[in-house]
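To be precise, the following lines are input06.pdb, and they hold PDB, C-alpha atoms and all ligand atoms.
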ATOM      1  CA  MET A   1       9.300  -8.898  -6.076
ATOM      2  CA  PRO A   2       9.555  -8.294  -2.316
ATOM      3  CA  ASN A   3       8.385 -11.001   0.086
ATOM      4  CA  ASN A   4       5.071 -10.632   1.920
ATOM      5  CA  LEU A   5       4.902  -8.187   4.821
ATOM      6  CA  LEU A   6       2.529  -9.232   7.607
ATOM      7  CA  ALA A   7       1.943  -5.888   9.348
ATOM      8  CA  LEU A   8      -0.046  -6.148  12.587
ATOM      9  CA  ASN A   9      -2.041  -3.115  13.707
ATOM     10  CA  TRP A  10      -2.907  -3.418  17.384
ATOM     11  CA  LYS A  11      -4.771  -0.091  17.312
ATOM     12  CA  MET A  12      -5.483   1.118  20.907
ATOM     13  CA  ASN A  13      -5.038  -2.295  22.495
ATOM     14  CA  LYS A  14      -2.481  -3.763  24.939
ATOM     15  CA  THR A  15      -0.665  -2.207  27.859
ATOM     16  CA  PRO A  16       3.141  -2.484  28.036
ATOM     17  CA  THR A  17       2.709  -5.474  30.384
ATOM     18  CA  GLU A  18       0.378  -7.199  27.901
ATOM     19  CA  ALA A  19       2.686  -6.346  25.006
ATOM     20  CA  ARG A  20       5.641  -7.939  26.829
ATOM     21  CA  ALA A  21       3.681 -11.129  27.492
ATOM     22  CA  TRP A  22       2.483 -11.244  23.854
ATOM     23  CA  ALA A  23       6.028 -10.801  22.516
ATOM     24  CA  GLN A  24       7.409 -13.483  24.839
ATOM     25  CA  ASP A  25       4.639 -15.882  23.798
ATOM     26  CA  LEU A  26       5.414 -15.172  20.124
ATOM     27  CA  SER A  27       9.137 -15.742  20.763
ATOM     28  CA  GLU A  28       8.437 -19.194  22.187
ATOM     29  CA  LYS A  29       6.125 -20.299  19.372
ATOM     30  CA  LEU A  30       7.138 -18.546  16.155
ATOM     31  CA  VAL A  31       8.715 -20.678  13.464
ATOM     32  CA  PRO A  32       9.950 -18.022  11.045
ATOM     33  CA  GLY A  33       8.278 -18.310   7.676
ATOM     34  CA  ASP A  34       8.591 -16.568   4.378
ATOM     35  CA  ALA A  35       6.841 -13.384   5.456
ATOM     36  CA  THR A  36       8.374 -10.413   7.243
ATOM     37  CA  LEU A  37       6.456  -9.658  10.453
ATOM     38  CA  ALA A  38       6.041  -6.158  11.868
ATOM     39  CA  VAL A  39       4.002  -5.143  14.924
ATOM     40  CA  MET A  40       2.486  -1.661  14.724
ATOM     41  CA  ALA A  41       1.781  -0.898  18.342
ATOM     42  CA  PRO A  42       0.896   1.921  20.769
ATOM     43  CA  ALA A  43       3.957   4.103  21.408
ATOM     44  CA  VAL A  44       4.124   3.263  25.119
ATOM     45  CA  THR A  45       4.517  -0.460  24.330
ATOM     46  CA  LEU A  46       7.436  -0.102  21.903
ATOM     47  CA  SER A  47      10.224  -0.434  24.490
ATOM     48  CA  ALA A  48       8.664  -3.673  25.705
ATOM     49  CA  LEU A  49       8.502  -4.934  22.119
ATOM     50  CA  ALA A  50      12.117  -3.897  21.461
ATOM     51  CA  ALA A  51      13.235  -5.999  24.418
ATOM     52  CA  ASN A  52      11.037  -9.048  23.872
ATOM     53  CA  LEU A  53      10.186  -9.651  20.210
ATOM     54  CA  PRO A  54      11.927 -12.553  18.472
ATOM     55  CA  ALA A  55      14.890 -11.674  16.266
ATOM     56  CA  GLY A  56      13.778 -10.648  12.812
ATOM     57  CA  VAL A  57      10.344  -9.387  13.867
ATOM     58  CA  ALA A  58      10.138  -5.640  13.281
ATOM     59  CA  PHE A  59       7.913  -3.099  14.975
ATOM     60  CA  GLY A  60       6.671   0.414  14.468
ATOM     61  CA  GLY A  61       4.252   3.154  15.405
ATOM     62  CA  GLN A  62       0.651   3.738  14.371
ATOM     63  CA  ASP A  63       1.062   7.457  13.682
ATOM     64  CA  VAL A  64       3.814  10.088  13.699
ATOM     65  CA  SER A  65       3.981  13.865  13.927
ATOM     66  CA  ALA A  66       4.648  15.868  10.777
ATOM     67  CA  HIS A  67       6.971  18.062  12.881
ATOM     68  CA  ASP A  68      10.559  17.480  14.022
ATOM     69  CA  SER A  69      10.113  18.366  17.711
ATOM     70  CA  GLY A  70       8.778  21.126  19.945
ATOM     71  CA  ALA A  71       5.457  22.421  21.232
ATOM     72  CA  TYR A  72       3.131  19.702  19.906
ATOM     73  CA  THR A  73       1.683  18.254  23.100
ATOM     74  CA  GLY A  74       0.780  14.601  22.842
ATOM     75  CA  GLU A  75       2.543  13.938  19.549
ATOM     76  CA  ILE A  76       5.309  11.398  18.895
ATOM     77  CA  SER A  77       8.163  12.335  16.561
ATOM     78  CA  ALA A  78       9.771  10.137  13.925
ATOM     79  CA  ALA A  79      13.124  10.550  15.715
ATOM     80  CA  MET A  80      11.546   9.128  18.902
ATOM     81  CA  LEU A  81      10.208   6.109  17.019
ATOM     82  CA  LYS A  82      13.576   5.561  15.358
ATOM     83  CA  ASP A  83      15.411   5.829  18.671
ATOM     84  CA  VAL A  84      13.260   3.139  20.306
ATOM     85  CA  GLY A  85      14.119   0.821  17.393
ATOM     86  CA  ALA A  86      11.074   1.153  15.135
ATOM     87  CA  SER A  87      11.410   0.333  11.448
ATOM     88  CA  TYR A  88       7.940   1.308  10.207
ATOM     89  CA  VAL A  89       5.111   3.699  10.960
ATOM     90  CA  VAL A  90       1.503   3.629   9.747
ATOM     91  CA  VAL A  91       0.312   6.946   8.322
ATOM     92  CA  GLY A  92      -3.138   7.883   7.073
ATOM     93  CA  HIS A  93      -5.039   4.972   8.600
ATOM     94  CA  SER A  94      -8.743   5.541   7.890
ATOM     95  CA  GLU A  95      -9.410   5.829  11.631
ATOM     96  CA  ARG A  96      -7.027   8.795  11.778
ATOM     97  CA  ARG A  97      -8.390  10.297   8.569
ATOM     98  CA  ASP A  98     -11.964   9.986   9.958
ATOM     99  CA  TYR A  99     -11.623  10.719  13.673
ATOM    100  CA  HIS A 100      -8.776  13.227  13.467
ATOM    101  CA  GLY A 101      -9.586  14.859  10.135
ATOM    102  CA  GLU A 102      -6.236  13.992   8.542
ATOM    103  CA  SER A 103      -5.942  15.208   4.949
ATOM    104  CA  ASP A 104      -3.877  13.670   2.153
ATOM    105  CA  ALA A 105      -1.441  16.598   2.471
ATOM    106  CA  LEU A 106      -0.911  15.913   6.184
ATOM    107  CA  VAL A 107      -0.493  12.183   5.529
ATOM    108  CA  ALA A 108       2.182  12.994   2.918
ATOM    109  CA  ALA A 109       3.950  15.328   5.367
ATOM    110  CA  LYS A 110       3.985  12.556   7.970
ATOM    111  CA  ALA A 111       5.334  10.052   5.431
ATOM    112  CA  ARG A 112       8.106  12.464   4.422
ATOM    113  CA  GLN A 113       8.975  13.019   8.067
ATOM    114  CA  ALA A 114       9.153   9.244   8.614
ATOM    115  CA  GLN A 115      11.469   8.788   5.636
ATOM    116  CA  ALA A 116      13.696  11.683   6.688
ATOM    117  CA  ASN A 117      14.285   9.793   9.951
ATOM    118  CA  GLY A 118      14.956   6.383   8.421
ATOM    119  CA  LEU A 119      11.496   4.880   8.966
ATOM    120  CA  ILE A 120       9.414   3.199   6.276
ATOM    121  CA  PRO A 121       5.928   4.712   6.176
ATOM    122  CA  ILE A 122       2.973   2.402   5.587
ATOM    123  CA  VAL A 123       0.607   4.755   3.757
ATOM    124  CA  CYS A 124      -3.043   3.704   3.991
ATOM    125  CA  VAL A 125      -5.614   4.450   1.302
ATOM    126  CA  GLY A 126      -9.053   3.085   0.499
ATOM    127  CA  GLU A 127     -12.657   3.976  -0.201
ATOM    128  CA  LYS A 128     -15.814   4.018   1.889
ATOM    129  CA  LEU A 129     -18.879   1.962   1.016
ATOM    130  CA  ASP A 130     -20.778   4.753  -0.774
ATOM    131  CA  VAL A 131     -17.825   5.307  -3.114
ATOM    132  CA  ARG A 132     -17.624   1.589  -3.924
ATOM    133  CA  GLU A 133     -21.378   1.380  -4.520
ATOM    134  CA  LYS A 134     -21.058   4.185  -7.066
ATOM    135  CA  GLY A 135     -18.268   2.212  -8.784
ATOM    136  CA  GLU A 136     -15.745   4.995  -8.112
ATOM    137  CA  HIS A 137     -13.371   3.041  -5.865
ATOM    138  CA  VAL A 138     -10.454   2.945  -8.314
ATOM    139  CA  PRO A 139     -10.258   6.674  -9.200
ATOM    140  CA  PHE A 140     -11.034   7.659  -5.595
ATOM    141  CA  THR A 141      -8.245   5.503  -4.154
ATOM    142  CA  LEU A 142      -5.729   6.577  -6.797
ATOM    143  CA  ALA A 143      -6.481  10.253  -6.116
ATOM    144  CA  GLN A 144      -5.961   9.626  -2.395
ATOM    145  CA  LEU A 145      -2.691   7.858  -3.212
ATOM    146  CA  THR A 146      -1.434  10.766  -5.335
ATOM    147  CA  GLY A 147      -2.159  13.274  -2.563
ATOM    148  CA  SER A 148      -0.682  11.069   0.147
ATOM    149  CA  LEU A 149       2.599  10.466  -1.739
ATOM    150  CA  GLU A 150       3.451  14.100  -2.529
ATOM    151  CA  GLY A 151       7.231  14.326  -2.096
ATOM    152  CA  VAL A 152       7.455  10.753  -0.746
ATOM    153  CA  SER A 153      10.205   8.479  -2.116
ATOM    154  CA  SER A 154       9.788   4.849  -3.193
ATOM    155  CA  ASP A 155      10.986   3.601   0.225
ATOM    156  CA  VAL A 156       7.371   3.193   1.211
ATOM    157  CA  VAL A 157       4.673   0.547   1.749
ATOM    158  CA  ILE A 158       1.111   1.117   0.509
ATOM    159  CA  ALA A 159      -1.829  -0.474   2.331
ATOM    160  CA  TYR A 160      -5.080  -0.645   0.364
ATOM    161  CA  GLU A 161      -7.775  -0.819   3.013
ATOM    162  CA  PRO A 162     -11.379  -0.474   1.836
ATOM    163  CA  VAL A 163     -12.971   1.235   4.832
ATOM    164  CA  TRP A 164     -16.121  -0.904   4.611
ATOM    165  CA  ALA A 165     -13.995  -4.009   5.251
ATOM    166  CA  ILE A 166     -12.096  -2.750   8.324
ATOM    167  CA  GLY A 167     -13.220  -4.406  11.537
ATOM    168  CA  THR A 168     -16.544  -5.381   9.990
ATOM    169  CA  GLY A 169     -15.878  -9.027   9.189
ATOM    170  CA  ARG A 170     -16.749  -8.090   5.607
ATOM    171  CA  THR A 171     -13.639  -8.940   3.590
ATOM    172  CA  ALA A 172     -13.049  -7.814   0.052
ATOM    173  CA  THR A 173     -12.583 -10.767  -2.274
ATOM    174  CA  ALA A 174      -9.083 -11.607  -3.418
ATOM    175  CA  ASP A 175     -10.116 -10.245  -6.834
ATOM    176  CA  ASP A 176     -11.279  -6.947  -5.270
ATOM    177  CA  ALA A 177      -7.910  -6.651  -3.520
ATOM    178  CA  GLU A 178      -6.020  -7.415  -6.731
ATOM    179  CA  GLU A 179      -8.063  -4.908  -8.751
ATOM    180  CA  LEU A 180      -6.889  -2.053  -6.540
ATOM    181  CA  ALA A 181      -3.398  -3.460  -5.935
ATOM    182  CA  ALA A 182      -2.843  -3.604  -9.707
ATOM    183  CA  ALA A 183      -4.182  -0.072 -10.153
ATOM    184  CA  ILE A 184      -1.933   1.151  -7.325
ATOM    185  CA  ARG A 185       1.049  -0.644  -8.888
ATOM    186  CA  GLY A 186       0.357   1.140 -12.179
ATOM    187  CA  ALA A 187       0.287   4.511 -10.411
ATOM    188  CA  LEU A 188       3.521   3.650  -8.567
ATOM    189  CA  GLU A 189       5.192   2.755 -11.881
ATOM    190  CA  GLN A 190       4.273   6.162 -13.281
ATOM    191  CA  ARG A 191       5.666   7.833 -10.153
ATOM    192  CA  TYR A 192       8.751   5.730  -9.400
ATOM    193  CA  GLY A 193       9.556   3.897 -12.638
ATOM    194  CA  ALA A 194      11.353   0.560 -12.198
ATOM    195  CA  ALA A 195      11.626   1.084  -8.424
ATOM    196  CA  ALA A 196       7.851   0.522  -8.167
ATOM    197  CA  ALA A 197       8.444  -3.229  -8.480
ATOM    198  CA  GLU A 198      10.078  -3.159  -5.034
ATOM    199  CA  VAL A 199       7.237  -1.296  -3.319
ATOM    200  CA  ARG A 200       5.010  -3.582  -1.263
ATOM    201  CA  VAL A 201       1.279  -3.137  -1.737
ATOM    202  CA  LEU A 202      -0.668  -4.642   1.175
ATOM    203  CA  TYR A 203      -4.360  -5.431   1.525
ATOM    204  CA  GLY A 204      -6.141  -4.696   4.812
ATOM    205  CA  GLY A 205      -9.695  -5.352   5.965
ATOM    206  CA  SER A 206     -10.824  -8.317   8.091
ATOM    207  CA  VAL A 207      -7.831 -10.471   7.116
ATOM    208  CA  LYS A 208      -7.624 -13.712   9.122
ATOM    209  CA  PRO A 209      -5.717 -17.007   9.049
ATOM    210  CA  ASP A 210      -8.328 -18.559   6.741
ATOM    211  CA  ASN A 211      -8.383 -15.850   4.051
ATOM    212  CA  ILE A 212      -4.848 -14.422   4.004
ATOM    213  CA  ALA A 213      -3.330 -17.000   1.654
ATOM    214  CA  SER A 214      -5.792 -16.472  -1.206
ATOM    215  CA  ILE A 215      -5.484 -12.665  -0.967
ATOM    216  CA  CYS A 216      -1.675 -12.656  -0.803
ATOM    217  CA  ALA A 217      -1.444 -15.134  -3.684
ATOM    218  CA  LYS A 218      -2.566 -12.340  -6.025
ATOM    219  CA  PRO A 219       0.301 -11.025  -8.138
ATOM    220  CA  ASN A 220       0.181  -7.392  -6.998
ATOM    221  CA  VAL A 221      -0.509  -8.046  -3.305
ATOM    222  CA  ASN A 222       2.633  -8.277  -1.139
ATOM    223  CA  GLY A 223       1.150  -8.901   2.277
ATOM    224  CA  ALA A 224      -1.529  -7.689   4.655
ATOM    225  CA  LEU A 225      -2.233  -5.050   7.292
ATOM    226  CA  VAL A 226      -4.190  -6.847   9.996
ATOM    227  CA  GLY A 227      -6.146  -5.331  12.873
ATOM    228  CA  GLY A 228      -8.461  -7.624  14.850
ATOM    229  CA  ALA A 229      -6.621 -10.856  14.064
ATOM    230  CA  SER A 230      -3.306  -9.366  15.216
ATOM    231  CA  LEU A 231      -4.149  -9.442  18.912
ATOM    232  CA  LYS A 232      -3.927 -13.183  19.556
ATOM    233  CA  VAL A 233      -0.584 -14.910  19.038
ATOM    234  CA  SER A 234      -2.413 -18.026  17.764
ATOM    235  CA  ASP A 235      -3.979 -16.027  14.904
ATOM    236  CA  VAL A 236      -0.629 -14.453  14.022
ATOM    237  CA  LEU A 237       1.016 -17.867  13.910
ATOM    238  CA  GLY A 238      -1.849 -19.091  11.705
ATOM    239  CA  MET A 239      -1.380 -16.198   9.271
ATOM    240  CA  ASN A 240       2.412 -16.640   9.265
ATOM    241  CA  ASP A 241       1.957 -20.348   8.487
ATOM    242  CA  ALA A 242      -0.564 -19.598   5.745
ATOM    243  CA  LEU A 243       2.023 -17.438   3.965
ATOM    244  CA  LYS A 244       4.666 -20.206   3.813
TER     245      LYS A 244
HETATM  246  C1  LIG B   1      -6.748  -2.243  10.244
HETATM  247  O1  LIG B   1      -6.844  -1.840  11.395
HETATM  248  O2  LIG B   1      -5.975  -1.680   9.470
HETATM  249  C2  LIG B   1      -7.559  -3.386   9.828
HETATM  250  C3  LIG B   1      -7.452  -3.802   8.600
HETATM  251  O3  LIG B   1      -8.385  -3.925  10.782
HETATM  252  P1  LIG B   1      -9.163  -5.336  10.667
HETATM  253  O4  LIG B   1      -8.163  -6.375  10.247
HETATM  254  O5  LIG B   1      -9.700  -5.567  12.049
HETATM  255  O6  LIG B   1     -10.253  -5.169   9.653
END
What's the structure tokens form of this structure?
Amino acid sequence: MPNNLLALNWKMNKTPTEARAWAQDLSEKLVPGDATLAVMAPAVTLSALAANLPAGVAFGGQDVSAHDSGAYTGEISAAMLKDVGASYVVVGHSERRDYHGESDALVAAKARQAQANGLIPIVCVGEKLDVREKGEHVPFTLAQLTGSLEGVSSDVVIAYEPVWAIGTGRTATADDAEELAAAIRGALEQRYGAAAAEVRVLYGGSVKPDNIASICAKPNVNGALVGGASLKVSDVLGMNDALK
């Protein structure tokens, strides 16, 4: 089983100057624990992170183009992320699926592009509240997973993020997280065979220092994707400590 991945999603927060200060603060205070840390940050901050994060702390982008290069104004390519030193990239976050109309097919194309350039995609899936209230969260999320992994190899991280729990303070219970993580693991086994055991399945949705340990203690959960609680170094240290 892989160790826990604590993936921090800053979303559209922090300037390069703020990112540098955050990384320097983390460098002074971090006592490495058992989890792997990765900071998923705005593209313009990645050079500052490359220069200032403590050794062993990875970083990555929050989105990537499905194209190699060319006339795609505003987009960031996987080769650019790789060149700045990124290891990961988030694809298919619910905010991109909702506000930018990203389909499962596009998410899969982005994940393939990431892998082709040596990045590990963190593929996000998860249901909205109406789907959960109808009791359809498992089949819905598995269908999203299937579409989002078309042509994607097992060098991938899956983040189960129920949309109703993102940024709302409403956290799924550890049992809710495990229900989907186990279902996702089953689908990964069908797709990747024995290699599925090495694929990390994260939970995301209002994770904080006081709830991360119980969620990540579940057998099929291998870490967390954290938004709000990723912005303050003190919260990150708290979560890192909780995973020891
Ligand atoms: C996220 O942005 O992926 C997320 C889970 O956010 P939050 O932790 O704020 O709910």
Q: Give the residues close to ligand LIG 1 (chain B), within 10 Å, counting only C-alpha atoms and all ligand atoms; write them as a PyMOL selection string.
A: chain A and resi 7-11+40+62+90+93-95+124+159-171+203-208+224-231
Q) CA of Tyr88 in chain A and CA of Leu119 in chain A are how many Å apart? A) 5.2 Å
Let me have the centre and edge lengths in Å, one decimal, of the box along x, y and z around every listed atom of range 137-153 of chain A with 4 Å of margin on each side, as lines of an AutoDock Vina configuration file.
center_x = -1.6
center_y = 8.6
center_z = -4.5
size_x = 31.6
size_y = 19.4
size_z = 17.3
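Remark: for Gln115 in chain A, the closest of the candidate residues A:Gly101, A:Val84, A:Val156, A:Pro32 is A:Val156 (distances computed over all atoms listed in the file).
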Q | Two-atom distance - CA of Tyr99 in chain A, CA of Trp22 in chain A (Å) | A | 28.0 Å
Q.
Once the PyMOL selection byres (((chain A and resi 67) around 10) and not hetatm) has been evaluated on this model, what residues remain selected, and can you format them as a list in words?
A. Val64, Ser65, Ala66, Asp68, Ser69, Gly70, Ala71, Tyr72, Glu75, Ile76, Ser77, Ala78, Ala109, Lys110 and Gln113 of chain A
The PyMOL selection byres (((chain A and resi 157) around 9) and not hetatm) resolved against shown file, as a PDB file with C-alpha atoms, keeping the file's coordinate frame:
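As a result, result.pdb now contains:
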ATOM      1  CA  ILE A 120       9.414   3.199   6.276  1.00  0.00           C
ATOM      2  CA  PRO A 121       5.928   4.712   6.176  1.00  0.00           C
ATOM      3  CA  ILE A 122       2.973   2.402   5.587  1.00  0.00           C
ATOM      4  CA  VAL A 123       0.607   4.755   3.757  1.00  0.00           C
ATOM      5  CA  CYS A 124      -3.043   3.704   3.991  1.00  0.00           C
ATOM      6  CA  SER A 154       9.788   4.849  -3.193  1.00  0.00           C
ATOM      7  CA  ASP A 155      10.986   3.601   0.225  1.00  0.00           C
ATOM      8  CA  VAL A 156       7.371   3.193   1.211  1.00  0.00           C
ATOM      9  CA  ILE A 158       1.111   1.117   0.509  1.00  0.00           C
ATOM     10  CA  ALA A 159      -1.829  -0.474   2.331  1.00  0.00           C
ATOM     11  CA  VAL A 199       7.237  -1.296  -3.319  1.00  0.00           C
ATOM     12  CA  ARG A 200       5.010  -3.582  -1.263  1.00  0.00           C
ATOM     13  CA  VAL A 201       1.279  -3.137  -1.737  1.00  0.00           C
ATOM     14  CA  LEU A 202      -0.668  -4.642   1.175  1.00  0.00           C
TER      15      LEU A 202
END
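The spacing separating CA of Thr36 in chain A from CA of Val57 in chain A amounts to 7.0 Å.
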Take the point (14.0, 1.7, -4.9) in the file's coordinates, draw a sphere of radius 12 Å around it, and report as a CSV table (one decimal) with C-alpha atoms, keeping the file's coordinate frame every protein, DNA or RNA residue with an atom inside or on it, counting only C-alpha atoms.
chain,number,residue,atom,x,y,z
A,1,MET,CA,9.3,-8.9,-6.1
A,2,PRO,CA,9.6,-8.3,-2.3
A,152,VAL,CA,7.5,10.8,-0.7
A,153,SER,CA,10.2,8.5,-2.1
A,154,SER,CA,9.8,4.8,-3.2
A,155,ASP,CA,11.0,3.6,0.2
A,156,VAL,CA,7.4,3.2,1.2
A,157,VAL,CA,4.7,0.5,1.7
A,188,LEU,CA,3.5,3.6,-8.6
A,189,GLU,CA,5.2,2.8,-11.9
A,191,ARG,CA,5.7,7.8,-10.2
A,192,TYR,CA,8.8,5.7,-9.4
A,193,GLY,CA,9.6,3.9,-12.6
A,194,ALA,CA,11.4,0.6,-12.2
A,195,ALA,CA,11.6,1.1,-8.4
A,196,ALA,CA,7.9,0.5,-8.2
A,197,ALA,CA,8.4,-3.2,-8.5
A,198,GLU,CA,10.1,-3.2,-5.0
A,199,VAL,CA,7.2,-1.3,-3.3
A,200,ARG,CA,5.0,-3.6,-1.3
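The smallest atom-to-atom distance between Lys29 in chain A and any of A:Val233, A:Val138, A:Glu150, A:Ala79, using all atoms listed in the file, is found for A:Val233.
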